[in-house]
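Participant: Supplied structure: protein_5.pdb, PDB, C-alpha atoms, pLDDT in the B column.
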MODEL        1
ATOM      1  CA  MET A   1     108.589  82.180  88.771  1.00 38.00           C
ATOM      2  CA  GLN A   2     105.031  81.496  89.694  1.00 48.00           C
ATOM      3  CA  ALA A   3     103.722  84.089  87.277  1.00 56.00           C
ATOM      4  CA  LEU A   4     104.896  81.856  84.430  1.00 56.00           C
ATOM      5  CA  GLY A   5     103.669  78.642  86.047  1.00 57.00           C
ATOM      6  CA  ASP A   6     100.584  78.409  83.865  1.00 68.00           C
ATOM      7  CA  PRO A   7     101.155  76.924  80.350  1.00 73.00           C
ATOM      8  CA  THR A   8      98.901  79.481  78.626  1.00 82.00           C
ATOM      9  CA  ARG A   9     100.595  82.281  80.448  1.00 80.00           C
ATOM     10  CA  MET A  10     103.969  80.913  79.413  1.00 75.00           C
ATOM     11  CA  ALA A  11     102.743  80.719  75.800  1.00 82.00           C
ATOM     12  CA  ILE A  12     101.621  84.346  75.937  1.00 87.00           C
ATOM     13  CA  PHE A  13     104.945  85.365  77.364  1.00 78.00           C
ATOM     14  CA  GLU A  14     106.751  83.510  74.557  1.00 75.00           C
ATOM     15  CA  ARG A  15     104.616  85.224  71.897  1.00 84.00           C
ATOM     16  CA  LEU A  16     105.603  88.568  73.357  1.00 83.00           C
ATOM     17  CA  GLU A  17     109.261  87.643  73.361  1.00 73.00           C
ATOM     18  CA  ARG A  18     109.083  87.853  69.563  1.00 75.00           C
ATOM     19  CA  GLY A  19     107.687  91.364  69.698  1.00 80.00           C
ATOM     20  CA  PRO A  20     104.941  93.649  71.050  1.00 89.00           C
ATOM     21  CA  LEU A  21     101.330  92.615  70.316  1.00 92.00           C
ATOM     22  CA  PRO A  22      97.761  93.692  71.071  1.00 93.00           C
ATOM     23  CA  VAL A  23      95.454  91.291  72.962  1.00 94.00           C
ATOM     24  CA  GLY A  24      93.515  90.293  69.837  1.00 92.00           C
ATOM     25  CA  GLU A  25      96.665  89.206  68.015  1.00 92.00           C
ATOM     26  CA  ILE A  26      97.801  87.056  70.942  1.00 93.00           C
ATOM     27  CA  ALA A  27      94.357  85.431  71.272  1.00 93.00           C
ATOM     28  CA  ARG A  28      94.214  84.672  67.541  1.00 93.00           C
ATOM     29  CA  THR A  29      97.221  82.341  67.761  1.00 88.00           C
ATOM     30  CA  LEU A  30      96.159  80.548  70.965  1.00 91.00           C
ATOM     31  CA  PRO A  31      93.245  78.198  71.726  1.00 91.00           C
ATOM     32  CA  VAL A  32      91.866  80.488  74.438  1.00 92.00           C
ATOM     33  CA  THR A  33      89.426  83.360  74.548  1.00 93.00           C
ATOM     34  CA  ARG A  34      90.397  86.958  74.338  1.00 93.00           C
ATOM     35  CA  SER A  35      89.184  87.575  77.865  1.00 94.00           C
ATOM     36  CA  ALA A  36      91.338  84.692  79.178  1.00 93.00           C
ATOM     37  CA  VAL A  37      94.337  86.260  77.450  1.00 94.00           C
ATOM     38  CA  SER A  38      93.516  89.591  79.099  1.00 93.00           C
ATOM     39  CA  GLN A  39      93.437  87.946  82.510  1.00 91.00           C
ATOM     40  CA  HIS A  40      96.796  86.285  81.992  1.00 89.00           C
ATOM     41  CA  LEU A  41      98.279  89.549  80.757  1.00 91.00           C
ATOM     42  CA  ARG A  42      97.047  91.203  83.902  1.00 89.00           C
ATOM     43  CA  VAL A  43      98.928  88.717  86.076  1.00 81.00           C
ATOM     44  CA  LEU A  44     102.077  89.144  83.997  1.00 79.00           C
ATOM     45  CA  LYS A  45     101.709  92.892  84.250  1.00 81.00           C
ATOM     46  CA  ASP A  46     101.149  92.796  88.006  1.00 74.00           C
ATOM     47  CA  VAL A  47     104.474  91.093  88.588  1.00 67.00           C
ATOM     48  CA  GLY A  48     106.304  93.380  86.182  1.00 68.00           C
ATOM     49  CA  LEU A  49     107.129  90.848  83.476  1.00 74.00           C
ATOM     50  CA  VAL A  50     104.996  92.567  80.867  1.00 82.00           C
ATOM     51  CA  THR A  51     104.116  96.160  80.264  1.00 84.00           C
ATOM     52  CA  SER A  52     101.555  97.821  78.009  1.00 90.00           C
ATOM     53  CA  GLN A  53     101.171 100.999  76.064  1.00 88.00           C
ATOM     54  CA  ARG A  54      98.180 102.543  74.367  1.00 89.00           C
ATOM     55  CA  ALA A  55      98.692 103.023  70.614  1.00 85.00           C
ATOM     56  CA  ALA A  56      96.048 103.760  67.964  1.00 82.00           C
ATOM     57  CA  ASN A  57      93.291 103.254  70.541  1.00 85.00           C
ATOM     58  CA  ARG A  58      94.370  99.803  71.726  1.00 89.00           C
ATOM     59  CA  GLN A  59      96.725  98.381  74.325  1.00 91.00           C
ATOM     60  CA  ILE A  60      99.952  96.964  72.982  1.00 93.00           C
ATOM     61  CA  TYR A  61     101.717  94.508  75.289  1.00 93.00           C
ATOM     62  CA  ARG A  62     105.433  93.951  75.457  1.00 86.00           C
ATOM     63  CA  ILE A  63     107.989  92.148  77.606  1.00 78.00           C
ATOM     64  CA  ASP A  64     109.479  94.287  80.272  1.00 73.00           C
ATOM     65  CA  ALA A  65     113.079  93.658  79.319  1.00 61.00           C
ATOM     66  CA  ASP A  66     114.736  93.723  82.705  1.00 59.00           C
ATOM     67  CA  GLY A  67     111.881  93.463  85.102  1.00 61.00           C
ATOM     68  CA  VAL A  68     112.696  96.809  86.641  1.00 55.00           C
ATOM     69  CA  ALA A  69     109.073  97.784  86.231  1.00 59.00           C
ATOM     70  CA  GLY A  70     108.368  95.056  88.754  1.00 61.00           C
ATOM     71  CA  LEU A  71     110.319  97.056  91.235  1.00 66.00           C
ATOM     72  CA  ARG A  72     108.377 100.186  90.398  1.00 71.00           C
ATOM     73  CA  ASP A  73     105.037  98.400  90.826  1.00 70.00           C
ATOM     74  CA  TYR A  74     106.233  96.904  94.047  1.00 71.00           C
ATOM     75  CA  PHE A  75     107.101 100.342  95.379  1.00 79.00           C
ATOM     76  CA  ASP A  76     103.854 101.837  94.150  1.00 83.00           C
ATOM     77  CA  ARG A  77     101.933  99.414  96.338  1.00 79.00           C
ATOM     78  CA  PHE A  78     104.471  99.513  99.141  1.00 82.00           C
ATOM     79  CA  TRP A  79     104.383 103.323  99.468  1.00 90.00           C
ATOM     80  CA  HIS A  80     100.631 103.506  99.099  1.00 90.00           C
ATOM     81  CA  GLU A  81     100.252 101.242 102.130  1.00 88.00           C
ATOM     82  CA  SER A  82     103.129 102.783 104.079  1.00 92.00           C
ATOM     83  CA  LEU A  83     101.825 106.322 103.613  1.00 95.00           C
ATOM     84  CA  GLN A  84      98.431 105.289 104.966  1.00 94.00           C
ATOM     85  CA  SER A  85     100.234 103.842 107.958  1.00 94.00           C
ATOM     86  CA  PHE A  86     102.181 107.107 108.332  1.00 97.00           C
ATOM     87  CA  LYS A  87      98.962 109.162 108.148  1.00 97.00           C
ATOM     88  CA  GLN A  88      97.366 107.098 110.913  1.00 96.00           C
ATOM     89  CA  ALA A  89     100.450 107.320 113.139  1.00 97.00           C
ATOM     90  CA  ALA A  90     100.755 111.101 112.638  1.00 97.00           C
ATOM     91  CA  GLU A  91      97.074 111.760 113.337  1.00 97.00           C
ATOM     92  CA  LYS A  92      97.011 109.523 116.388  1.00 97.00           C
ATOM     93  CA  SER A  93     100.117 111.054 117.956  1.00 96.00           C
ATOM     94  CA  PHE A  94      98.850 114.591 117.226  1.00 97.00           C
ATOM     95  CA  LYS A  95      95.525 113.844 118.928  1.00 96.00           C
ATOM     96  CA  GLU A  96      97.394 112.520 121.955  1.00 95.00           C
ATOM     97  CA  LYS A  97      99.586 115.622 122.028  1.00 93.00           C
ATOM     98  CA  ILE A  98      96.721 118.133 122.073  1.00 91.00           C
ATOM     99  CA  ARG A  99      94.536 116.148 124.457  1.00 88.00           C
TER     100      ARG A  99
ATOM    101  CA  MET B   1     123.018  97.155  75.537  1.00 32.00           C
ATOM    102  CA  ASN B   2     121.424 100.573  75.737  1.00 34.00           C
ATOM    103  CA  ALA B   3     120.738 102.322  78.985  1.00 37.00           C
ATOM    104  CA  VAL B   4     117.527 101.265  80.668  1.00 42.00           C
ATOM    105  CA  ALA B   5     114.615 103.445  79.656  1.00 46.00           C
ATOM    106  CA  THR B   6     113.460 105.781  82.382  1.00 58.00           C
ATOM    107  CA  LEU B   7     110.567 104.521  84.465  1.00 65.00           C
ATOM    108  CA  PRO B   8     107.798 106.757  85.696  1.00 75.00           C
ATOM    109  CA  SER B   9     108.047 107.856  89.302  1.00 84.00           C
ATOM    110  CA  VAL B  10     105.786 106.460  91.961  1.00 86.00           C
ATOM    111  CA  ARG B  11     103.679 109.367  93.242  1.00 91.00           C
ATOM    112  CA  HIS B  12     101.221 109.510  96.088  1.00 92.00           C
ATOM    113  CA  THR B  13      99.465 112.296  97.934  1.00 94.00           C
ATOM    114  CA  VAL B  14      98.192 111.876 101.459  1.00 94.00           C
ATOM    115  CA  HIS B  15      96.314 114.350 103.674  1.00 95.00           C
ATOM    116  CA  VAL B  16      97.204 114.352 107.338  1.00 95.00           C
ATOM    117  CA  GLU B  17      95.038 115.968 110.007  1.00 96.00           C
ATOM    118  CA  ALA B  18      97.988 117.473 111.865  1.00 96.00           C
ATOM    119  CA  PRO B  19     100.255 120.524 111.517  1.00 96.00           C
ATOM    120  CA  ARG B  20     103.147 120.427 109.108  1.00 97.00           C
ATOM    121  CA  GLU B  21     105.829 120.345 111.833  1.00 96.00           C
ATOM    122  CA  HIS B  22     104.160 117.360 113.440  1.00 96.00           C
ATOM    123  CA  ALA B  23     103.717 115.489 110.149  1.00 96.00           C
ATOM    124  CA  PHE B  24     107.352 116.099 109.201  1.00 97.00           C
ATOM    125  CA  GLY B  25     108.501 114.905 112.609  1.00 96.00           C
ATOM    126  CA  VAL B  26     106.529 111.672 112.447  1.00 96.00           C
ATOM    127  CA  PHE B  27     107.637 110.994 108.882  1.00 96.00           C
ATOM    128  CA  THR B  28     111.335 111.393 109.789  1.00 96.00           C
ATOM    129  CA  ARG B  29     112.277 110.977 113.470  1.00 96.00           C
ATOM    130  CA  GLY B  30     109.132 108.941 113.986  1.00 95.00           C
ATOM    131  CA  ILE B  31     109.666 106.607 111.026  1.00 95.00           C
ATOM    132  CA  ASP B  32     109.700 103.622 113.356  1.00 95.00           C
ATOM    133  CA  SER B  33     106.110 104.374 114.442  1.00 94.00           C
ATOM    134  CA  TRP B  34     104.664 103.746 110.994  1.00 93.00           C
ATOM    135  CA  TRP B  35     107.118 101.440 109.204  1.00 90.00           C
ATOM    136  CA  PHE B  36     105.715  97.981 108.429  1.00 83.00           C
ATOM    137  CA  ARG B  37     107.445  95.535 110.726  1.00 81.00           C
ATOM    138  CA  ASP B  38     107.931  92.873 108.069  1.00 73.00           C
ATOM    139  CA  HIS B  39     109.993  95.150 105.802  1.00 75.00           C
ATOM    140  CA  PHE B  40     113.629  94.723 106.754  1.00 76.00           C
ATOM    141  CA  LEU B  41     116.852  93.517 105.161  1.00 77.00           C
ATOM    142  CA  GLY B  42     118.839  91.881 107.921  1.00 77.00           C
ATOM    143  CA  THR B  43     118.742  88.329 109.215  1.00 79.00           C
ATOM    144  CA  GLU B  44     117.430  89.411 112.622  1.00 83.00           C
ATOM    145  CA  PRO B  45     113.832  90.461 113.173  1.00 86.00           C
ATOM    146  CA  LEU B  46     113.394  94.217 113.145  1.00 88.00           C
ATOM    147  CA  GLN B  47     113.877  96.110 116.398  1.00 95.00           C
ATOM    148  CA  GLU B  48     113.654  99.643 115.041  1.00 96.00           C
ATOM    149  CA  VAL B  49     114.040 101.877 111.997  1.00 95.00           C
ATOM    150  CA  VAL B  50     116.134 105.004 112.418  1.00 97.00           C
ATOM    151  CA  MET B  51     116.430 108.170 110.335  1.00 98.00           C
ATOM    152  CA  GLU B  52     119.198 110.452 111.548  1.00 98.00           C
ATOM    153  CA  PRO B  53     117.625 113.946 111.416  1.00 97.00           C
ATOM    154  CA  ARG B  54     120.137 115.859 109.323  1.00 98.00           C
ATOM    155  CA  GLU B  55     121.549 116.139 105.817  1.00 98.00           C
ATOM    156  CA  GLY B  56     123.827 113.152 105.278  1.00 97.00           C
ATOM    157  CA  GLY B  57     122.107 111.272 108.097  1.00 98.00           C
ATOM    158  CA  ARG B  58     121.835 107.499 107.860  1.00 97.00           C
ATOM    159  CA  VAL B  59     118.586 105.662 107.386  1.00 97.00           C
ATOM    160  CA  PHE B  60     118.992 102.180 108.776  1.00 96.00           C
ATOM    161  CA  GLU B  61     117.415  99.277 110.588  1.00 93.00           C
ATOM    162  CA  ARG B  62     118.509  97.749 113.860  1.00 95.00           C
ATOM    163  CA  GLY B  63     117.767  94.090 114.522  1.00 93.00           C
ATOM    164  CA  ILE B  64     116.648  92.653 117.838  1.00 94.00           C
ATOM    165  CA  HIS B  65     120.240  91.626 118.626  1.00 95.00           C
ATOM    166  CA  GLY B  66     121.637  95.006 117.623  1.00 95.00           C
ATOM    167  CA  ALA B  67     122.876  94.339 114.087  1.00 93.00           C
ATOM    168  CA  GLU B  68     122.550  97.448 111.922  1.00 95.00           C
ATOM    169  CA  CYS B  69     121.818  97.440 108.224  1.00 91.00           C
ATOM    170  CA  ASP B  70     121.920 100.625 106.135  1.00 94.00           C
ATOM    171  CA  TRP B  71     119.108 101.545 103.765  1.00 93.00           C
ATOM    172  CA  GLY B  72     120.160 104.976 102.553  1.00 95.00           C
ATOM    173  CA  ARG B  73     121.085 108.558 103.330  1.00 97.00           C
ATOM    174  CA  VAL B  74     119.244 111.820 103.877  1.00 98.00           C
ATOM    175  CA  LEU B  75     120.033 113.988 100.842  1.00 98.00           C
ATOM    176  CA  VAL B  76     117.886 117.032 101.652  1.00 98.00           C
ATOM    177  CA  TRP B  77     116.802 117.961 105.181  1.00 98.00           C
ATOM    178  CA  GLU B  78     114.539 121.023 105.166  1.00 98.00           C
ATOM    179  CA  PRO B  79     112.147 120.784 108.113  1.00 98.00           C
ATOM    180  CA  PRO B  80     109.212 121.137 108.075  1.00 97.00           C
ATOM    181  CA  SER B  81     108.724 121.328 104.333  1.00 98.00           C
ATOM    182  CA  ARG B  82     110.938 118.929 102.411  1.00 98.00           C
ATOM    183  CA  LEU B  83     112.893 115.695 102.716  1.00 98.00           C
ATOM    184  CA  VAL B  84     114.838 113.732 100.115  1.00 98.00           C
ATOM    185  CA  VAL B  85     116.314 110.317 100.906  1.00 97.00           C
ATOM    186  CA  ALA B  86     118.565 108.136  98.757  1.00 96.00           C
ATOM    187  CA  TRP B  87     117.201 104.577  98.561  1.00 91.00           C
ATOM    188  CA  GLN B  88     120.343 102.451  98.359  1.00 91.00           C
ATOM    189  CA  ILE B  89     118.813  99.010  98.428  1.00 82.00           C
ATOM    190  CA  GLY B  90     119.591  97.042  95.279  1.00 71.00           C
ATOM    191  CA  GLY B  91     117.695  94.387  93.393  1.00 61.00           C
ATOM    192  CA  ASP B  92     119.287  91.725  95.585  1.00 61.00           C
ATOM    193  CA  TRP B  93     117.794  93.398  98.687  1.00 67.00           C
ATOM    194  CA  LYS B  94     121.214  94.417  99.919  1.00 74.00           C
ATOM    195  CA  PHE B  95     122.668  97.821 100.694  1.00 85.00           C
ATOM    196  CA  ASP B  96     124.535  99.206  97.682  1.00 86.00           C
ATOM    197  CA  PRO B  97     126.900 102.008  98.769  1.00 89.00           C
ATOM    198  CA  ASP B  98     127.340 103.403  95.229  1.00 87.00           C
ATOM    199  CA  PRO B  99     125.137 106.549  95.046  1.00 87.00           C
ATOM    200  CA  ALA B 100     124.892 106.099  91.248  1.00 85.00           C
ATOM    201  CA  HIS B 101     122.802 102.961  91.866  1.00 82.00           C
ATOM    202  CA  ALA B 102     120.412 104.654  94.273  1.00 89.00           C
ATOM    203  CA  SER B 103     116.889 105.780  93.564  1.00 88.00           C
ATOM    204  CA  GLU B 104     115.490 108.516  95.771  1.00 93.00           C
ATOM    205  CA  TYR B 105     112.270 109.513  97.417  1.00 94.00           C
ATOM    206  CA  GLU B 106     111.068 112.988  98.234  1.00 97.00           C
ATOM    207  CA  ALA B 107     108.320 114.090 100.587  1.00 96.00           C
ATOM    208  CA  ARG B 108     106.954 117.633 100.514  1.00 97.00           C
ATOM    209  CA  PHE B 109     104.829 118.906 103.375  1.00 97.00           C
ATOM    210  CA  ILE B 110     102.349 121.601 102.389  1.00 98.00           C
ATOM    211  CA  GLU B 111     100.202 123.416 104.937  1.00 98.00           C
ATOM    212  CA  GLU B 112      96.547 123.428 103.886  1.00 97.00           C
ATOM    213  CA  ALA B 113      95.239 124.624 107.254  1.00 97.00           C
ATOM    214  CA  PRO B 114      96.844 125.038 110.702  1.00 94.00           C
ATOM    215  CA  ALA B 115      96.159 121.375 111.488  1.00 95.00           C
ATOM    216  CA  ARG B 116      95.969 119.911 108.005  1.00 96.00           C
ATOM    217  CA  THR B 117      98.969 118.974 105.877  1.00 96.00           C
ATOM    218  CA  ARG B 118      99.156 117.685 102.345  1.00 96.00           C
ATOM    219  CA  VAL B 119     102.095 115.339 101.832  1.00 95.00           C
ATOM    220  CA  GLU B 120     103.230 114.924  98.248  1.00 95.00           C
ATOM    221  CA  PHE B 121     105.417 111.876  97.893  1.00 95.00           C
ATOM    222  CA  GLU B 122     107.563 110.800  94.956  1.00 94.00           C
ATOM    223  CA  HIS B 123     109.931 107.847  94.576  1.00 89.00           C
ATOM    224  CA  ARG B 124     111.967 108.312  91.393  1.00 88.00           C
ATOM    225  CA  LEU B 125     114.991 107.187  89.366  1.00 85.00           C
ATOM    226  CA  PHE B 126     114.204 103.464  89.554  1.00 77.00           C
ATOM    227  CA  GLU B 127     116.216 102.890  86.401  1.00 72.00           C
ATOM    228  CA  ARG B 128     119.369 103.422  88.444  1.00 78.00           C
ATOM    229  CA  HIS B 129     118.614 100.173  90.241  1.00 73.00           C
ATOM    230  CA  GLY B 130     118.015  98.545  86.887  1.00 61.00           C
ATOM    231  CA  GLU B 131     121.565  98.959  85.683  1.00 53.00           C
ATOM    232  CA  ALA B 132     122.932  97.418  88.840  1.00 50.00           C
ATOM    233  CA  GLY B 133     120.105  94.908  88.975  1.00 45.00           C
ATOM    234  CA  ARG B 134     120.904  93.560  85.539  1.00 47.00           C
ATOM    235  CA  ARG B 135     124.510  92.979  86.508  1.00 43.00           C
ATOM    236  CA  ILE B 136     123.381  91.158  89.601  1.00 37.00           C
ATOM    237  CA  HIS B 137     120.994  89.120  87.510  1.00 38.00           C
ATOM    238  CA  ASP B 138     123.612  88.233  84.914  1.00 41.00           C
ATOM    239  CA  GLY B 139     126.022  87.235  87.631  1.00 36.00           C
ATOM    240  CA  VAL B 140     124.196  85.107  90.120  1.00 33.00           C
ATOM    241  CA  GLU B 141     120.631  84.606  88.893  1.00 36.00           C
ATOM    242  CA  SER B 142     119.220  86.112  92.015  1.00 38.00           C
ATOM    243  CA  GLY B 143     118.008  89.648  92.445  1.00 40.00           C
ATOM    244  CA  TRP B 144     115.058  90.508  90.246  1.00 41.00           C
ATOM    245  CA  PRO B 145     113.508  87.031  89.996  1.00 44.00           C
ATOM    246  CA  LYS B 146     113.561  86.886  93.774  1.00 44.00           C
ATOM    247  CA  LEU B 147     111.982  90.286  93.907  1.00 44.00           C
ATOM    248  CA  LEU B 148     109.334  89.370  91.377  1.00 44.00           C
ATOM    249  CA  ALA B 149     108.536  86.175  93.205  1.00 46.00           C
ATOM    250  CA  ALA B 150     108.213  88.134  96.443  1.00 45.00           C
ATOM    251  CA  TYR B 151     105.997  90.623  94.683  1.00 41.00           C
ATOM    252  CA  ALA B 152     103.860  87.868  93.190  1.00 43.00           C
ATOM    253  CA  ASN B 153     103.341  86.399  96.656  1.00 45.00           C
ATOM    254  CA  LEU B 154     102.483  89.806  97.994  1.00 42.00           C
ATOM    255  CA  ALA B 155     100.000  90.388  95.185  1.00 41.00           C
ATOM    256  CA  LYS B 156      98.442  87.007  95.844  1.00 44.00           C
ATOM    257  CA  ALA B 157      98.175  87.631  99.566  1.00 42.00           C
ATOM    258  CA  GLY B 158      96.589  91.049  98.934  1.00 39.00           C
TER     259      GLY B 158
ENDMDL
END
How does the structure come out when it is put into structure tokens?
Facilitator:
Amino acid sequence: MQALGDPTRMAIFERLERGPLPVGEIARTLPVTRSAVSQHLRVLKDVGLVTSQRAANRQIYRIDADGVAGLRDYFDRFWHESLQSFKQAAEKSFKEKIR
Amino acid sequence: MNAVATLPSVRHTVHVEAPREHAFGVFTRGIDSWWFRDHFLGTEPLQEVVMEPREGGRVFERGIHGAECDWGRVLVWEPPSRLVVAWQIGGDWKFDPDPAHASEYEARFIEEAPARTRVEFEHRLFERHGEAGRRIHDGVESGWPKLLAAYANLAKAG
């Protein structure tokens, strides 16, 4: 699990295993800046290990219990790219047809 | 453990400069013309992707040596306006024949002009994979971690 390969990232992940937290709370208990924490959270979120929710005007981060969100994110990207490929193929073959 | 919470659908809209009939045809019968070549399940490199054009039709890949590997089934076949396909690939990247473990994707083809089609795409019911995925995970420690690692590599490459 490369996403957890960084010690700070692992520490953030372990904090979240105890319960959902906002960025500020995570940063307060670790010797890193708030913006560093945000960057690590982004990586964790990108691979579907962590998810976030807006509550009382701030983002609350939590562990994504079964990683299924990783699948959803994967498909979000996968279909975005595939549908562009489909669009190009459909437009190209239509142009050839009417030529 | 409680049932997995529902996950939001993946939704995308794409505009195609072609008539609806043409767009539907390329999306379905012509799936092989736009499918990314590195997305396949079998052990052989991908020869072609096939969608049988009817309700109940198979969606599958064929490898370069002829081995076939199922991906899903056509649930709704309404040319040229609507298609729904069951996505029966589990968290271990293998075909799962149980329809209760399948997510599904739908494509709607809406005519905006004689040669312009809006395609509204939705892939939904991911949580169905989750229930099977967790069992796979508990059993053999493969499945989701493998997926996440693959995704992480993909994200890095992108």
Participant: Could you check how far atom CA of B:Gln88 sits from atom CA of A:Leu83, in Å to one decimal?
Facilitator: 19.6 Å
Participant: Excluding B:Arg20 and residues on its chain fewer than 2 positions from it, collect all residues at most 12 Å away from it, counting all atoms listed in the file, and give them as a ChimeraX atom specification.
Facilitator: /A:90-91,94 /B:15-18,22-27,79-82,107-119
Participant: Would you mind listing what lies within 7 Å of B:Trp71 as a PDB file with C-alpha atoms, in the coordinates of the input, with all atoms listed in the file counted and same-chain residues fewer than 4 positions away left out?
Facilitator:
ATOM      1  CA  VAL B  59     118.586 105.662 107.386  1.00 97.00           C
ATOM      2  CA  PHE B  60     118.992 102.180 108.776  1.00 96.00           C
ATOM      3  CA  TRP B  87     117.201 104.577  98.561  1.00 91.00           C
ATOM      4  CA  GLN B  88     120.343 102.451  98.359  1.00 91.00           C
ATOM      5  CA  ILE B  89     118.813  99.010  98.428  1.00 82.00           C
ATOM      6  CA  PHE B  95     122.668  97.821 100.694  1.00 85.00           C
TER       7      PHE B  95
END
Participant: Find the spatial neighbours of A:Pro20, counting only C-alpha atoms, within a cut-off of 6 Å - ignore same-chain residues fewer than 2 positions away - and output them as a ChimeraX atom specification.
Facilitator: /A:16,61-62
Participant: Output C-alpha atoms of each residue in that selection to a file, as a CSV table (one decimal), in the coordinates of the input.
Facilitator:
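File part.csv, as written:
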chain,number,residue,atom,x,y,z
A,16,LEU,CA,105.6,88.6,73.4
A,61,TYR,CA,101.7,94.5,75.3
A,62,ARG,CA,105.4,94.0,75.5
Participant: Quick one: apply the PyMOL selection byres ((chain B and resi 9) around 12) to the file and drop the selected residues here as a CSV table (one decimal) with C-alpha atoms, keeping the file's coordinate frame.
Facilitator:
chain,number,residue,atom,x,y,z
A,69,ALA,CA,109.1,97.8,86.2
A,71,LEU,CA,110.3,97.1,91.2
A,72,ARG,CA,108.4,100.2,90.4
A,73,ASP,CA,105.0,98.4,90.8
A,75,PHE,CA,107.1,100.3,95.4
A,76,ASP,CA,103.9,101.8,94.2
A,79,TRP,CA,104.4,103.3,99.5
B,6,THR,CA,113.5,105.8,82.4
B,7,LEU,CA,110.6,104.5,84.5
B,8,PRO,CA,107.8,106.8,85.7
B,10,VAL,CA,105.8,106.5,92.0
B,11,ARG,CA,103.7,109.4,93.2
B,12,HIS,CA,101.2,109.5,96.1
B,103,SER,CA,116.9,105.8,93.6
B,104,GLU,CA,115.5,108.5,95.8
B,105,TYR,CA,112.3,109.5,97.4
B,106,GLU,CA,111.1,113.0,98.2
B,121,PHE,CA,105.4,111.9,97.9
B,122,GLU,CA,107.6,110.8,95.0
B,123,HIS,CA,109.9,107.8,94.6
B,124,ARG,CA,112.0,108.3,91.4
B,125,LEU,CA,115.0,107.2,89.4
B,126,PHE,CA,114.2,103.5,89.6
B,127,GLU,CA,116.2,102.9,86.4
Participant: Env of B:Gln47: 6 Å cut, atoms = all atoms listed in the file, seq-sep filter 5 positions within chain, self excluded. Answer as a ChimeraX atom specification.
Facilitator: /B:62-64
Participant: Could you please determine the separation between atom CA of B:Trp35 and atom CA of A:Arg77 in Å, to one decimal place?
Facilitator: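 Between atom CA of B:Trp35 and atom CA of A:Arg77 the gap works out to 14.0 Å.
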Participant: In Å, rounded to a single decimal, give me how far atom CA of A:Pro7 is from atom CA of A:Pro31.
Facilitator: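 So the two atoms, atom CA of A:Pro31 and atom CA of A:Pro7, lie 11.8 Å apart.
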Participant: As JSON, please report the centre and edge lengths, rounded to one decimal in Å, of the axis-aligned box that holds all listed atoms of stretch 50-55 of chain A with 4 Å of padding on each of the six sides.
Facilitator:
{"center_x": 101.6, "center_y": 97.8, "center_z": 75.7, "size_x": 14.8, "size_y": 18.5, "size_z": 18.3}
Participant: Which one is closest to chain B: A:Ile60, A:Leu41, A:Leu49, A:Ala55? Count all atoms listed in the file.
Facilitator: A:Leu49
Participant: I need the output of the PyMOL selection byres ((chain B and resi 42) around 9) for this file as a list in words; which residues are they?
Facilitator: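 Here the PyMOL selection byres ((chain B and resi 42) around 9) matches Phe40, Leu41, Thr43, Glu44, Pro45, Leu46, Glu61, Arg62, Gly63, Ala67, Glu68, Cys69 and Lys94 of chain B.
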Participant: Excluding A:Ile63 and its own-chain neighbours fewer than 2 positions away, which residues fall within 10 Å of it when counting only C-alpha atoms? Please give them as a PyMOL selection string.
Facilitator: chain A and resi 13-21+44-45+48-52+61+65-67
Participant: Using only C-alpha atoms for the distances, tell me which of A:Ile12, A:Asp64, A:Lys95, A:Gln59 is nearest to A:Asp46.
Facilitator: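 Among the listed residues, the smallest separation from A:Asp46 belongs to A:Asp64.
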Participant: Restricting the calculation to all atoms listed in the file, which member of A:Gln88, A:Thr8, A:Gln53, A:Lys97 is positioned closest to A:Thr33?
Facilitator: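 Of all the options, A:Thr8 lies closest to A:Thr33.
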Participant: Using only C-alpha atoms, which of the listed residues (B:Thr13, B:Trp77, B:Val50, B:Gly66) sits closest to A:His80?
Facilitator: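 Nearest to A:His80: B:Thr13.
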Participant: Of the candidates B:Ala86, B:Val74, B:Pro99, B:Arg128, which one gets nearest to chain A if we count only C-alpha atoms?
Facilitator: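 Comparing B:Ala86, B:Val74, B:Pro99, B:Arg128 against chain A, the winner is B:Arg128.
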Participant: Can you list, as a PyMOL selection string, the residues that the PyMOL selection byres ((chain A and resi 37) around 9) selects here?
Facilitator: chain A and resi 8-9+12+23-24+26-27+30+32-36+38-42
Participant: When distances are computed from all atoms listed in the file, which of A:Arg99, A:Arg54, A:Arg28, A:Lys87 shows the smallest separation from chain B?
Facilitator: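 Smallest distance to chain B is found for A:Lys87.
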